[in-house]
>>> print(open('model34.pdb').read())   # PDB, C-alpha atoms
ATOM      1  CA  MET A   1       0.000   0.000   0.000
ATOM      2  CA  ALA A   2       2.782   2.421   0.859
ATOM      3  CA  ASP A   3       4.410   4.396  -1.900
ATOM      4  CA  THR A   4       7.883   3.531  -3.065
ATOM      5  CA  GLU A   5       9.670   6.363  -1.270
ATOM      6  CA  LEU A   6       8.160   5.632   2.138
ATOM      7  CA  LEU A   7       8.699   1.907   1.728
ATOM      8  CA  ALA A   8      12.371   2.495   0.906
ATOM      9  CA  LEU A   9      12.752   4.553   4.084
ATOM     10  CA  ALA A  10      11.091   1.807   6.141
ATOM     11  CA  GLU A  11      13.439  -0.779   4.626
ATOM     12  CA  ARG A  12      16.435   1.375   5.466
ATOM     13  CA  LEU A  13      15.216   1.850   9.044
ATOM     14  CA  GLN A  14      14.676  -1.881   9.436
ATOM     15  CA  GLY A  15      18.161  -2.702   8.216
ATOM     16  CA  LEU A  16      19.708  -0.241  10.648
ATOM     17  CA  CYS A  17      17.644  -1.381  13.627
ATOM     18  CA  LEU A  18      18.140  -5.091  13.056
ATOM     19  CA  GLY A  19      21.863  -4.508  12.596
ATOM     20  CA  ARG A  20      22.187  -2.490  15.798
ATOM     21  CA  GLY A  21      19.689  -4.321  17.971
ATOM     22  CA  LEU A  22      17.351  -1.334  18.291
ATOM     23  CA  THR A  23      13.605  -1.629  18.870
ATOM     24  CA  VAL A  24      11.009   0.938  17.784
ATOM     25  CA  ALA A  25       7.451   1.972  18.586
ATOM     26  CA  THR A  26       5.244   4.800  17.346
ATOM     27  CA  ALA A  27       2.419   6.943  18.698
ATOM     28  CA  GLU A  28       0.248   8.485  16.028
ATOM     29  CA  SER A  29      -2.494  11.041  15.970
ATOM     30  CA  CYS A  30      -2.864  12.745  12.577
ATOM     31  CA  THR A  31      -1.116   9.996  10.619
ATOM     32  CA  GLY A  32      -3.719   7.593  11.999
ATOM     33  CA  GLY A  33      -1.719   4.400  11.619
ATOM     34  CA  LEU A  34      -0.084   5.244   8.295
ATOM     35  CA  LEU A  35       3.382   5.272   9.848
ATOM     36  CA  ALA A  36       2.950   1.854  11.464
ATOM     37  CA  SER A  37       1.381   0.522   8.287
ATOM     38  CA  ILE A  38       4.403   1.537   6.215
ATOM     39  CA  ILE A  39       6.849   0.103   8.729
ATOM     40  CA  THR A  40       4.990  -3.223   8.807
ATOM     41  CA  ASP A  41       4.668  -3.363   5.031
ATOM     42  CA  VAL A  42       8.249  -4.639   5.107
ATOM     43  CA  PRO A  43       8.600  -8.401   5.744
ATOM     44  CA  GLY A  44      10.627  -9.059   8.876
ATOM     45  CA  SER A  45       9.566  -5.827  10.583
ATOM     46  CA  SER A  46       8.425  -7.806  13.622
ATOM     47  CA  GLY A  47      12.134  -8.232  14.362
ATOM     48  CA  TYR A  48      12.396  -4.657  15.628
ATOM     49  CA  PHE A  49       8.961  -2.976  15.576
ATOM     50  CA  ARG A  50       6.946  -3.511  18.746
ATOM     51  CA  GLY A  51       3.774  -1.606  17.879
ATOM     52  CA  SER A  52       1.917   1.659  17.756
ATOM     53  CA  VAL A  53      -0.852   3.464  19.513
ATOM     54  CA  VAL A  54      -3.114   5.391  17.174
ATOM     55  CA  ALA A  55      -4.537   7.973  19.552
ATOM     56  CA  TYR A  56      -7.302   9.650  17.592
ATOM     57  CA  ALA A  57      -9.032  11.071  20.671
ATOM     58  CA  ASP A  58      -7.686  12.947  23.681
ATOM     59  CA  ALA A  59      -8.995  10.217  25.982
ATOM     60  CA  THR A  60      -6.905   7.662  24.070
ATOM     61  CA  LYS A  61      -3.768   9.778  24.514
ATOM     62  CA  VAL A  62      -4.387   9.752  28.253
ATOM     63  CA  ALA A  63      -5.430   6.105  28.566
ATOM     64  CA  LEU A  64      -2.806   4.437  26.392
ATOM     65  CA  LEU A  65       0.054   6.951  26.225
ATOM     66  CA  ASP A  66      -0.025   8.513  29.680
ATOM     67  CA  VAL A  67      -0.210  12.034  28.270
ATOM     68  CA  PRO A  68      -1.134  14.180  31.303
ATOM     69  CA  GLU A  69      -4.598  15.709  31.049
ATOM     70  CA  ALA A  70      -3.053  18.969  32.249
ATOM     71  CA  THR A  71      -0.770  18.988  29.186
ATOM     72  CA  LEU A  72      -3.706  18.539  26.825
ATOM     73  CA  GLU A  73      -5.700  21.242  28.607
ATOM     74  CA  ALA A  74      -2.857  23.747  28.737
ATOM     75  CA  HIS A  75      -1.358  23.253  25.287
ATOM     76  CA  GLY A  76      -3.818  21.241  23.195
ATOM     77  CA  ALA A  77      -3.475  17.935  21.389
ATOM     78  CA  VAL A  78      -1.439  19.560  18.610
ATOM     79  CA  SER A  79       1.492  20.986  20.554
ATOM     80  CA  ALA A  80       5.162  20.343  21.211
ATOM     81  CA  GLN A  81       4.327  19.364  24.782
ATOM     82  CA  THR A  82       1.811  16.715  23.732
ATOM     83  CA  ALA A  83       4.128  15.347  21.035
ATOM     84  CA  ARG A  84       6.896  14.947  23.603
ATOM     85  CA  ALA A  85       4.592  13.283  26.113
ATOM     86  CA  MET A  86       3.275  10.864  23.467
ATOM     87  CA  ALA A  87       6.807   9.782  22.501
ATOM     88  CA  ILE A  88       7.897   9.359  26.109
ATOM     89  CA  GLY A  89       4.689   7.520  26.920
ATOM     90  CA  ILE A  90       4.825   4.911  24.172
ATOM     91  CA  ARG A  91       8.542   4.336  24.737
ATOM     92  CA  ALA A  92       7.923   3.592  28.391
ATOM     93  CA  ARG A  93       4.837   1.450  27.782
ATOM     94  CA  LEU A  94       6.530  -0.763  25.195
ATOM     95  CA  ASP A  95      10.094  -0.556  26.567
ATOM     96  CA  VAL A  96      11.735   0.187  23.205
ATOM     97  CA  SER A  97      15.052   1.767  22.269
ATOM     98  CA  MET A  98      13.405   4.688  20.532
ATOM     99  CA  ALA A  99       9.894   5.921  19.906
ATOM    100  CA  VAL A 100       8.483   8.553  17.590
ATOM    101  CA  SER A 101       5.191  10.449  17.877
ATOM    102  CA  VAL A 102       3.160  12.496  15.389
ATOM    103  CA  THR A 103       0.417  14.966  16.195
ATOM    104  CA  GLY A 104      -0.887  17.546  13.756
ATOM    105  CA  ILE A 105      -3.793  18.977  11.832
ATOM    106  CA  SER A 106      -4.106  17.091   8.557
ATOM    107  CA  GLY A 107      -7.154  19.009   7.346
ATOM    108  CA  PRO A 108      -9.316  19.897   5.637
ATOM    109  CA  ASP A 109     -11.011  20.923   8.907
ATOM    110  CA  GLY A 110      -9.650  21.692  12.357
ATOM    111  CA  GLY A 111      -7.343  24.563  11.538
ATOM    112  CA  SER A 112      -7.253  28.024  13.163
ATOM    113  CA  ASP A 113      -5.190  31.204  12.872
ATOM    114  CA  GLU A 114      -2.976  30.045  15.705
ATOM    115  CA  LYS A 115      -2.817  26.418  14.569
ATOM    116  CA  PRO A 116      -3.324  26.193  10.801
ATOM    117  CA  VAL A 117      -3.992  23.064   8.772
ATOM    118  CA  GLY A 118      -0.651  21.390   8.173
ATOM    119  CA  LEU A 119       0.853  22.278  11.560
ATOM    120  CA  THR A 120       2.543  19.099  12.822
ATOM    121  CA  TYR A 121       4.768  18.209  15.751
ATOM    122  CA  ILE A 122       6.952  15.118  15.736
ATOM    123  CA  GLY A 123       8.502  13.858  18.945
ATOM    124  CA  LEU A 124      11.336  11.397  19.456
ATOM    125  CA  ALA A 125      12.306   9.739  22.716
ATOM    126  CA  ASP A 126      15.243   7.447  23.294
ATOM    127  CA  GLY A 127      17.489   6.406  26.133
ATOM    128  CA  GLY A 128      17.995   9.657  27.911
ATOM    129  CA  THR A 129      16.491  12.395  25.801
ATOM    130  CA  SER A 130      13.378  13.597  24.028
ATOM    131  CA  ASP A 131      13.162  16.137  21.232
ATOM    132  CA  VAL A 132      10.404  17.741  19.199
ATOM    133  CA  ARG A 133      10.395  19.111  15.668
ATOM    134  CA  ARG A 134       7.768  21.423  14.218
ATOM    135  CA  TYR A 135       6.571  21.398  10.612
ATOM    136  CA  THR A 136       3.922  23.256   8.656
ATOM    137  CA  TRP A 137       2.904  21.197   5.650
ATOM    138  CA  THR A 138       1.053  22.887   2.822
ATOM    139  CA  GLY A 139      -0.615  19.991   1.007
ATOM    140  CA  ASP A 140      -4.021  18.370   1.267
ATOM    141  CA  ARG A 141      -4.944  15.777   3.909
ATOM    142  CA  ALA A 142      -3.285  12.851   2.143
ATOM    143  CA  ALA A 143      -0.131  14.830   1.351
ATOM    144  CA  ASN A 144       0.171  16.144   4.912
ATOM    145  CA  ARG A 145      -0.137  12.639   6.345
ATOM    146  CA  HIS A 146       2.431  11.388   3.856
ATOM    147  CA  ASP A 147       4.869  14.200   4.657
ATOM    148  CA  SER A 148       4.488  13.548   8.391
ATOM    149  CA  ALA A 149       5.199   9.849   7.983
ATOM    150  CA  ARG A 150       8.241  10.621   5.843
ATOM    151  CA  ALA A 151       9.633  13.086   8.379
ATOM    152  CA  ALA A 152       9.137  10.588  11.212
ATOM    153  CA  LEU A 153      10.883   7.799   9.295
ATOM    154  CA  ARG A 154      13.784  10.072   8.375
ATOM    155  CA  TRP A 155      14.246  11.120  11.986
ATOM    156  CA  LEU A 156      14.225   7.509  13.183
ATOM    157  CA  ILE A 157      16.846   6.663  10.547
ATOM    158  CA  GLU A 158      18.961   9.643  11.569
ATOM    159  CA  ARG A 159      18.832   8.585  15.212
ATOM    160  CA  ALA A 160      19.471   4.922  14.429
ATOM    161  CA  GLU A 161      22.582   5.941  12.508
ATOM    162  CA  THR A 162      23.943   7.884  15.459
ATOM    163  CA  PRO A 163      22.610   6.391  18.688
ATOM    164  CA  PRO A 164      23.432   8.448  21.784
ATOM    165  CA  PRO A 165      26.175   7.288  24.166
ATOM    166  CA  GLY A 166      25.139   4.180  26.053
ATOM    167  CA  GLU A 167      22.644   3.013  23.421
ATOM    168  CA  GLY A 168      23.373   0.394  20.829
ATOM    169  CA  PRO A 169      26.725  -1.300  20.196
TER
ATOM    170  CA  MET B   1      -2.974   6.110   0.418
ATOM    171  CA  ALA B   2      -5.811   3.624   0.657
ATOM    172  CA  ASP B   3      -7.232   2.141  -2.496
ATOM    173  CA  THR B   4     -10.634   3.190  -3.741
ATOM    174  CA  GLU B   5     -12.526   0.120  -2.541
ATOM    175  CA  LEU B   6     -11.242   0.281   1.026
ATOM    176  CA  LEU B   7     -11.769   4.026   1.190
ATOM    177  CA  ALA B   8     -15.375   3.613   0.044
ATOM    178  CA  LEU B   9     -15.967   1.067   2.804
ATOM    179  CA  ALA B  10     -14.464   3.437   5.386
ATOM    180  CA  GLU B  11     -16.712   6.251   4.155
ATOM    181  CA  ARG B  12     -19.741   4.011   4.437
ATOM    182  CA  LEU B  13     -18.771   2.947   7.958
ATOM    183  CA  GLN B  14     -18.273   6.562   8.988
ATOM    184  CA  GLY B  15     -21.688   7.595   7.688
ATOM    185  CA  LEU B  16     -23.378   4.772   9.574
ATOM    186  CA  CYS B  17     -21.520   5.392  12.833
ATOM    187  CA  LEU B  18     -21.994   9.151  12.828
ATOM    188  CA  GLY B  19     -25.670   8.684  12.041
ATOM    189  CA  ARG B  20     -26.197   6.157  14.839
ATOM    190  CA  GLY B  21     -23.873   7.612  17.440
ATOM    191  CA  LEU B  22     -21.544   4.606  17.423
ATOM    192  CA  THR B  23     -17.854   4.780  18.297
ATOM    193  CA  VAL B  24     -15.170   2.419  17.006
ATOM    194  CA  ALA B  25     -11.667   1.243  17.866
ATOM    195  CA  THR B  26      -9.360  -1.357  16.336
ATOM    196  CA  ALA B  27      -6.627  -3.710  17.512
ATOM    197  CA  GLU B  28      -4.277  -4.817  14.786
ATOM    198  CA  SER B  29      -1.526  -7.335  14.498
ATOM    199  CA  CYS B  30      -0.920  -8.487  10.921
ATOM    200  CA  THR B  31      -2.541  -5.424   9.305
ATOM    201  CA  GLY B  32      -0.046  -3.314  11.224
ATOM    202  CA  GLY B  33      -2.032  -0.073  11.234
ATOM    203  CA  LEU B  34      -3.444  -0.379   7.725
ATOM    204  CA  LEU B  35      -7.002  -0.627   9.003
ATOM    205  CA  ALA B  36      -6.708   2.489  11.186
ATOM    206  CA  SER B  37      -4.933   4.301   8.373
ATOM    207  CA  ILE B  38      -7.788   3.654   5.968
ATOM    208  CA  ILE B  39     -10.416   4.677   8.512
ATOM    209  CA  THR B  40      -8.589   7.933   9.250
ATOM    210  CA  ASP B  41      -8.003   8.682   5.576
ATOM    211  CA  VAL B  42     -11.589   9.946   5.611
ATOM    212  CA  PRO B  43     -11.998  13.557   6.816
ATOM    213  CA  GLY B  44     -14.239  13.717   9.875
ATOM    214  CA  SER B  45     -13.283  10.242  11.101
ATOM    215  CA  SER B  46     -12.361  11.691  14.495
ATOM    216  CA  GLY B  47     -16.120  12.015  15.039
ATOM    217  CA  TYR B  48     -16.429   8.285  15.686
ATOM    218  CA  PHE B  49     -12.993   6.620  15.589
ATOM    219  CA  ARG B  50     -11.201   6.633  18.936
ATOM    220  CA  GLY B  51      -7.982   4.870  18.017
ATOM    221  CA  SER B  52      -6.086   1.660  17.474
ATOM    222  CA  VAL B  53      -3.443  -0.426  19.100
ATOM    223  CA  VAL B  54      -1.019  -1.966  16.638
ATOM    224  CA  ALA B  55       0.275  -4.880  18.663
ATOM    225  CA  TYR B  56       3.167  -6.249  16.663
ATOM    226  CA  ALA B  57       4.700  -8.163  19.580
ATOM    227  CA  ASP B  58       3.158 -10.493  22.140
ATOM    228  CA  ALA B  59       4.285  -8.186  24.937
ATOM    229  CA  THR B  60       2.334  -5.338  23.334
ATOM    230  CA  LYS B  61      -0.814  -7.471  23.204
ATOM    231  CA  VAL B  62      -0.459  -8.062  26.932
ATOM    232  CA  ALA B  63       0.534  -4.525  27.915
ATOM    233  CA  LEU B  64      -1.954  -2.513  25.861
ATOM    234  CA  LEU B  65      -4.780  -4.951  25.085
ATOM    235  CA  ASP B  66      -4.910  -7.051  28.257
ATOM    236  CA  VAL B  67      -4.599 -10.297  26.307
ATOM    237  CA  PRO B  68      -3.866 -12.911  28.982
ATOM    238  CA  GLU B  69      -0.392 -14.397  28.731
ATOM    239  CA  ALA B  70      -1.984 -17.797  29.275
ATOM    240  CA  THR B  71      -4.068 -17.306  26.111
ATOM    241  CA  LEU B  72      -0.976 -16.501  24.050
ATOM    242  CA  GLU B  73       0.904 -19.457  25.498
ATOM    243  CA  ALA B  74      -1.929 -21.935  25.035
ATOM    244  CA  HIS B  75      -3.218 -20.880  21.607
ATOM    245  CA  GLY B  76      -0.609 -18.582  20.059
ATOM    246  CA  ALA B  77      -0.865 -15.028  18.774
ATOM    247  CA  VAL B  78      -2.710 -16.165  15.641
ATOM    248  CA  SER B  79      -5.753 -17.880  17.126
ATOM    249  CA  ALA B  80      -9.455 -17.342  17.640
ATOM    250  CA  GLN B  81      -8.871 -16.943  21.360
ATOM    251  CA  THR B  82      -6.302 -14.170  20.936
ATOM    252  CA  ALA B  83      -8.433 -12.367  18.334
ATOM    253  CA  ARG B  84     -11.373 -12.387  20.750
ATOM    254  CA  ALA B  85      -9.248 -11.149  23.644
ATOM    255  CA  MET B  86      -7.781  -8.344  21.520
ATOM    256  CA  ALA B  87     -11.229  -7.099  20.504
ATOM    257  CA  ILE B  88     -12.582  -7.264  24.039
ATOM    258  CA  GLY B  89      -9.429  -5.596  25.365
ATOM    259  CA  ILE B  90      -9.415  -2.572  23.067
ATOM    260  CA  ARG B  91     -13.154  -2.091  23.460
ATOM    261  CA  ALA B  92     -12.793  -1.943  27.231
ATOM    262  CA  ARG B  93      -9.692   0.254  27.190
ATOM    263  CA  LEU B  94     -11.212   2.869  24.893
ATOM    264  CA  ASP B  95     -14.849   2.463  25.958
ATOM    265  CA  VAL B  96     -16.255   2.279  22.413
ATOM    266  CA  SER B  97     -19.505   0.876  21.001
ATOM    267  CA  MET B  98     -17.719  -1.735  18.942
ATOM    268  CA  ALA B  99     -14.168  -2.866  18.350
ATOM    269  CA  VAL B 100     -12.579  -5.087  15.754
ATOM    270  CA  SER B 101      -9.309  -7.014  15.937
ATOM    271  CA  VAL B 102      -7.111  -8.652  13.311
ATOM    272  CA  THR B 103      -4.406 -11.233  13.881
ATOM    273  CA  GLY B 104      -2.930 -13.384  11.156
ATOM    274  CA  ILE B 105       0.097 -14.513   9.234
ATOM    275  CA  SER B 106       0.644 -12.125   6.335
ATOM    276  CA  GLY B 107       3.761 -13.838   5.052
ATOM    277  CA  PRO B 108       6.046 -14.461   3.368
ATOM    278  CA  ASP B 109       7.517 -16.010   6.532
ATOM    279  CA  GLY B 110       5.940 -17.316   9.719
ATOM    280  CA  GLY B 111       3.698 -20.005   8.279
ATOM    281  CA  SER B 112       3.541 -23.675   9.312
ATOM    282  CA  ASP B 113       1.511 -26.752   8.386
ATOM    283  CA  GLU B 114      -0.895 -26.045  11.216
ATOM    284  CA  LYS B 115      -1.005 -22.283  10.654
ATOM    285  CA  PRO B 116      -0.253 -21.467   7.012
ATOM    286  CA  VAL B 117       0.536 -18.057   5.568
ATOM    287  CA  GLY B 118      -2.768 -16.277   5.033
ATOM    288  CA  LEU B 119      -4.500 -17.697   8.116
ATOM    289  CA  THR B 120      -6.268 -14.766   9.756
ATOM    290  CA  TYR B 121      -8.701 -14.343  12.637
ATOM    291  CA  ILE B 122     -10.893 -11.271  12.959
ATOM    292  CA  GLY B 123     -12.668 -10.535  16.220
ATOM    293  CA  LEU B 124     -15.539  -8.180  16.936
ATOM    294  CA  ALA B 125     -16.742  -7.066  20.353
ATOM    295  CA  ASP B 126     -19.724  -4.865  21.077
ATOM    296  CA  GLY B 127     -22.142  -4.316  23.905
ATOM    297  CA  GLY B 128     -22.750  -7.816  25.090
ATOM    298  CA  THR B 129     -21.104 -10.169  22.666
ATOM    299  CA  SER B 130     -17.879 -11.088  20.935
ATOM    300  CA  ASP B 131     -17.453 -13.129  17.796
ATOM    301  CA  VAL B 132     -14.553 -14.416  15.719
ATOM    302  CA  ARG B 133     -14.302 -15.202  12.023
ATOM    303  CA  ARG B 134     -11.576 -17.248  10.386
ATOM    304  CA  TYR B 135     -10.129 -16.664   6.928
ATOM    305  CA  THR B 136      -7.348 -18.188   4.890
ATOM    306  CA  TRP B 137      -6.141 -15.675   2.326
ATOM    307  CA  THR B 138      -4.105 -16.905  -0.607
ATOM    308  CA  GLY B 139      -2.333 -13.765  -1.800
ATOM    309  CA  ASP B 140       1.038 -12.212  -1.063
ATOM    310  CA  ARG B 141       1.769 -10.098   2.025
ATOM    311  CA  ALA B 142       0.216  -6.910   0.640
ATOM    312  CA  ALA B 143      -2.869  -8.716  -0.671
ATOM    313  CA  ASN B 144      -3.397 -10.582   2.598
ATOM    314  CA  ARG B 145      -3.224  -7.357   4.611
ATOM    315  CA  HIS B 146      -5.608  -5.698   2.172
ATOM    316  CA  ASP B 147      -8.076  -8.592   2.349
ATOM    317  CA  SER B 148      -7.957  -8.564   6.150
ATOM    318  CA  ALA B 149      -8.666  -4.828   6.303
ATOM    319  CA  ARG B 150     -11.553  -5.231   3.870
ATOM    320  CA  ALA B 151     -13.097  -8.075   5.864
ATOM    321  CA  ALA B 152     -12.808  -6.069   9.092
ATOM    322  CA  LEU B 153     -14.434  -2.994   7.548
ATOM    323  CA  ARG B 154     -17.258  -5.074   6.070
ATOM    324  CA  TRP B 155     -17.962  -6.691   9.425
ATOM    325  CA  LEU B 156     -18.030  -3.326  11.188
ATOM    326  CA  ILE B 157     -20.478  -2.049   8.557
ATOM    327  CA  GLU B 158     -22.645  -5.149   8.930
ATOM    328  CA  ARG B 159     -22.758  -4.695  12.701
ATOM    329  CA  ALA B 160     -23.374  -0.943  12.487
ATOM    330  CA  GLU B 161     -26.333  -1.630  10.206
ATOM    331  CA  THR B 162     -27.869  -4.048  12.703
ATOM    332  CA  PRO B 163     -26.752  -3.116  16.203
ATOM    333  CA  PRO B 164     -27.749  -5.651  18.850
ATOM    334  CA  PRO B 165     -30.643  -4.877  21.196
ATOM    335  CA  GLY B 166     -29.750  -2.108  23.592
ATOM    336  CA  GLU B 167     -27.092  -0.572  21.350
ATOM    337  CA  GLY B 168     -27.655   2.442  19.130
ATOM    338  CA  PRO B 169     -30.969   4.209  18.560
TER
END
>>> encode(input="model34.pdb", output="structure tokens")
Amino acid sequence: MADTELLALAERLQGLCLGRGLTVATAESCTGGLLASIITDVPGSSGYFRGSVVAYADATKVALLDVPEATLEAHGAVSAQTARAMAIGIRARLDVSMAVSVTGISGPDGGSDEKPVGLTYIGLADGGTSDVRRYTWTGDRAANRHDSARAALRWLIERAETPPPGEGP
Amino acid sequence: MADTELLALAERLQGLCLGRGLTVATAESCTGGLLASIITDVPGSSGYFRGSVVAYADATKVALLDVPEATLEAHGAVSAQTARAMAIGIRARLDVSMAVSVTGISGPDGGSDEKPVGLTYIGLADGGTSDVRRYTWTGDRAANRHDSARAALRWLIERAETPPPGEGP
């Protein structure tokens, strides 16, 4: 199902993770399972991919990802704070080497002046750190979801290539 | 990303659920997020879809779906018993009207004489009942995942059209 570019990224990630003994999980809001679907399109992905939580409602982010309700209330579901909490939450729940999260407004509805359609935060948590990157995509719903999945895969690859001290071989 | 047929099924499901006030969640093993991805391809899906757990490891099925370890040990991850437990587990965790689960062997590896590639169990849990259906797909990995997602969507539609007594309007 995945397009050739995304599938190639997933294959590259898998090769790196299997080679270095890294495990991965994802927490997805706006991508809605697309990221996990691409990763698991590749045969053998069960060797490093532990799973994903598709949290399409605030209650799901709280129940399955341990995102604090106070974070959602103070900053909203589409925020750097929520992205970070989602990544930290799924990493802890599934005990993986590194976890990535995606939360954004894919459109066509849901945008505002402050948070326009296309605004997306991606979080990454590994051994000792967590980081967040902010994007503003300019495509339609399908393109925004695609771009988010691509950015998440690229970041995982980047991190797998240069694991922090104490992680990996 | 989803093909036209699957997207049309997701649109039909969404119309039924929004019209009847039903909420949905999914628990996916072999489809790896494909089912959730198709459902959330449709704008407005957040009105009824609460989320999915992609449980690509036994430990994830236990940690996030409350599948009993004894069930996995006795029957294996690809079994009617595990499919039923996954559906019941995600329905309870996310408090939805109905939940569907998919566990199977997509291939190309992982098959055996007893459990060949293509063997797939789909579970459905709603208000008072849970059911399991068994399929043996004969395609390649991508086709098997596609067929599983289609069967799950069709079953959700069937159930949304005829909710059991006490559910829906």
>>> interface_residues(input="model34.pdb", of="chain B", to="chain A", cutoff="10 Å", atoms="only C-alpha atoms", output="ChimeraX atom specification")
/B:1-3,25-61,63-65,93-95,106-110,141-143,145-146
>>> atom_distance(input="model34.pdb", atom1="atom CA of A:Arg134", atom2="atom CA of A:Thr120")
5.9 Å
>>> residues_around(input="model34.pdb", residues="stretch 153-158 of chain A", least_positions_apart="2", cutoff="10 Å", atoms="only C-alpha atoms", output="short mmCIF file (atom, residue, chain, number, x, y, z; two decimals) with C-alpha atoms, in the frame of the given file")
data_model
loop_
_atom_site.label_atom_id
_atom_site.label_comp_id
_atom_site.auth_asym_id
_atom_site.auth_seq_id
_atom_site.Cartn_x
_atom_site.Cartn_y
_atom_site.Cartn_z
CA LEU A 6 8.16 5.63 2.14
CA LEU A 7 8.70 1.91 1.73
CA LEU A 9 12.75 4.55 4.08
CA ALA A 10 11.09 1.81 6.14
CA ARG A 12 16.43 1.38 5.47
CA LEU A 13 15.22 1.85 9.04
CA GLN A 14 14.68 -1.88 9.44
CA GLY A 15 18.16 -2.70 8.22
CA LEU A 16 19.71 -0.24 10.65
CA CYS A 17 17.64 -1.38 13.63
CA VAL A 24 11.01 0.94 17.78
CA LEU A 35 3.38 5.27 9.85
CA ILE A 38 4.40 1.54 6.22
CA ILE A 39 6.85 0.10 8.73
CA MET A 98 13.40 4.69 20.53
CA ALA A 99 9.89 5.92 19.91
CA VAL A 100 8.48 8.55 17.59
CA ILE A 122 6.95 15.12 15.74
CA GLY A 123 8.50 13.86 18.94
CA LEU A 124 11.34 11.40 19.46
CA ALA A 125 12.31 9.74 22.72
CA ARG A 133 10.40 19.11 15.67
CA ASP A 147 4.87 14.20 4.66
CA SER A 148 4.49 13.55 8.39
CA ALA A 149 5.20 9.85 7.98
CA ARG A 150 8.24 10.62 5.84
CA ALA A 151 9.63 13.09 8.38
CA ALA A 160 19.47 4.92 14.43
CA GLU A 161 22.58 5.94 12.51
CA THR A 162 23.94 7.88 15.46
CA PRO A 163 22.61 6.39 18.69
#
>>> residues_around(input="model34.pdb", residues="A:Leu119", least_positions_apart="2", cutoff="7 Å", atoms="all atoms listed in the file", output="ChimeraX atom specification")
/A:104-105,115-117,135-137
>>> atom_distance(input="model34.pdb", atom1="atom CA of A:Glu11", atom2="atom CA of B:Gly118")
22.4 Å
>>> atom_distance(input="model34.pdb", atom1="atom CA of B:Asp113", atom2="atom CA of B:Asn144")
17.9 Å
>>> closest_residue(input="model34.pdb", among="A:His75, A:Arg84, A:Thr23, A:Ser112", to="A:Val96", atoms="only C-alpha atoms")
A:Thr23
>>> closest_residue(input="model34.pdb", among="A:Ala152, A:Ala80, A:Ala8, A:Val67", to="A:Ala92", atoms="only C-alpha atoms")
A:Val67
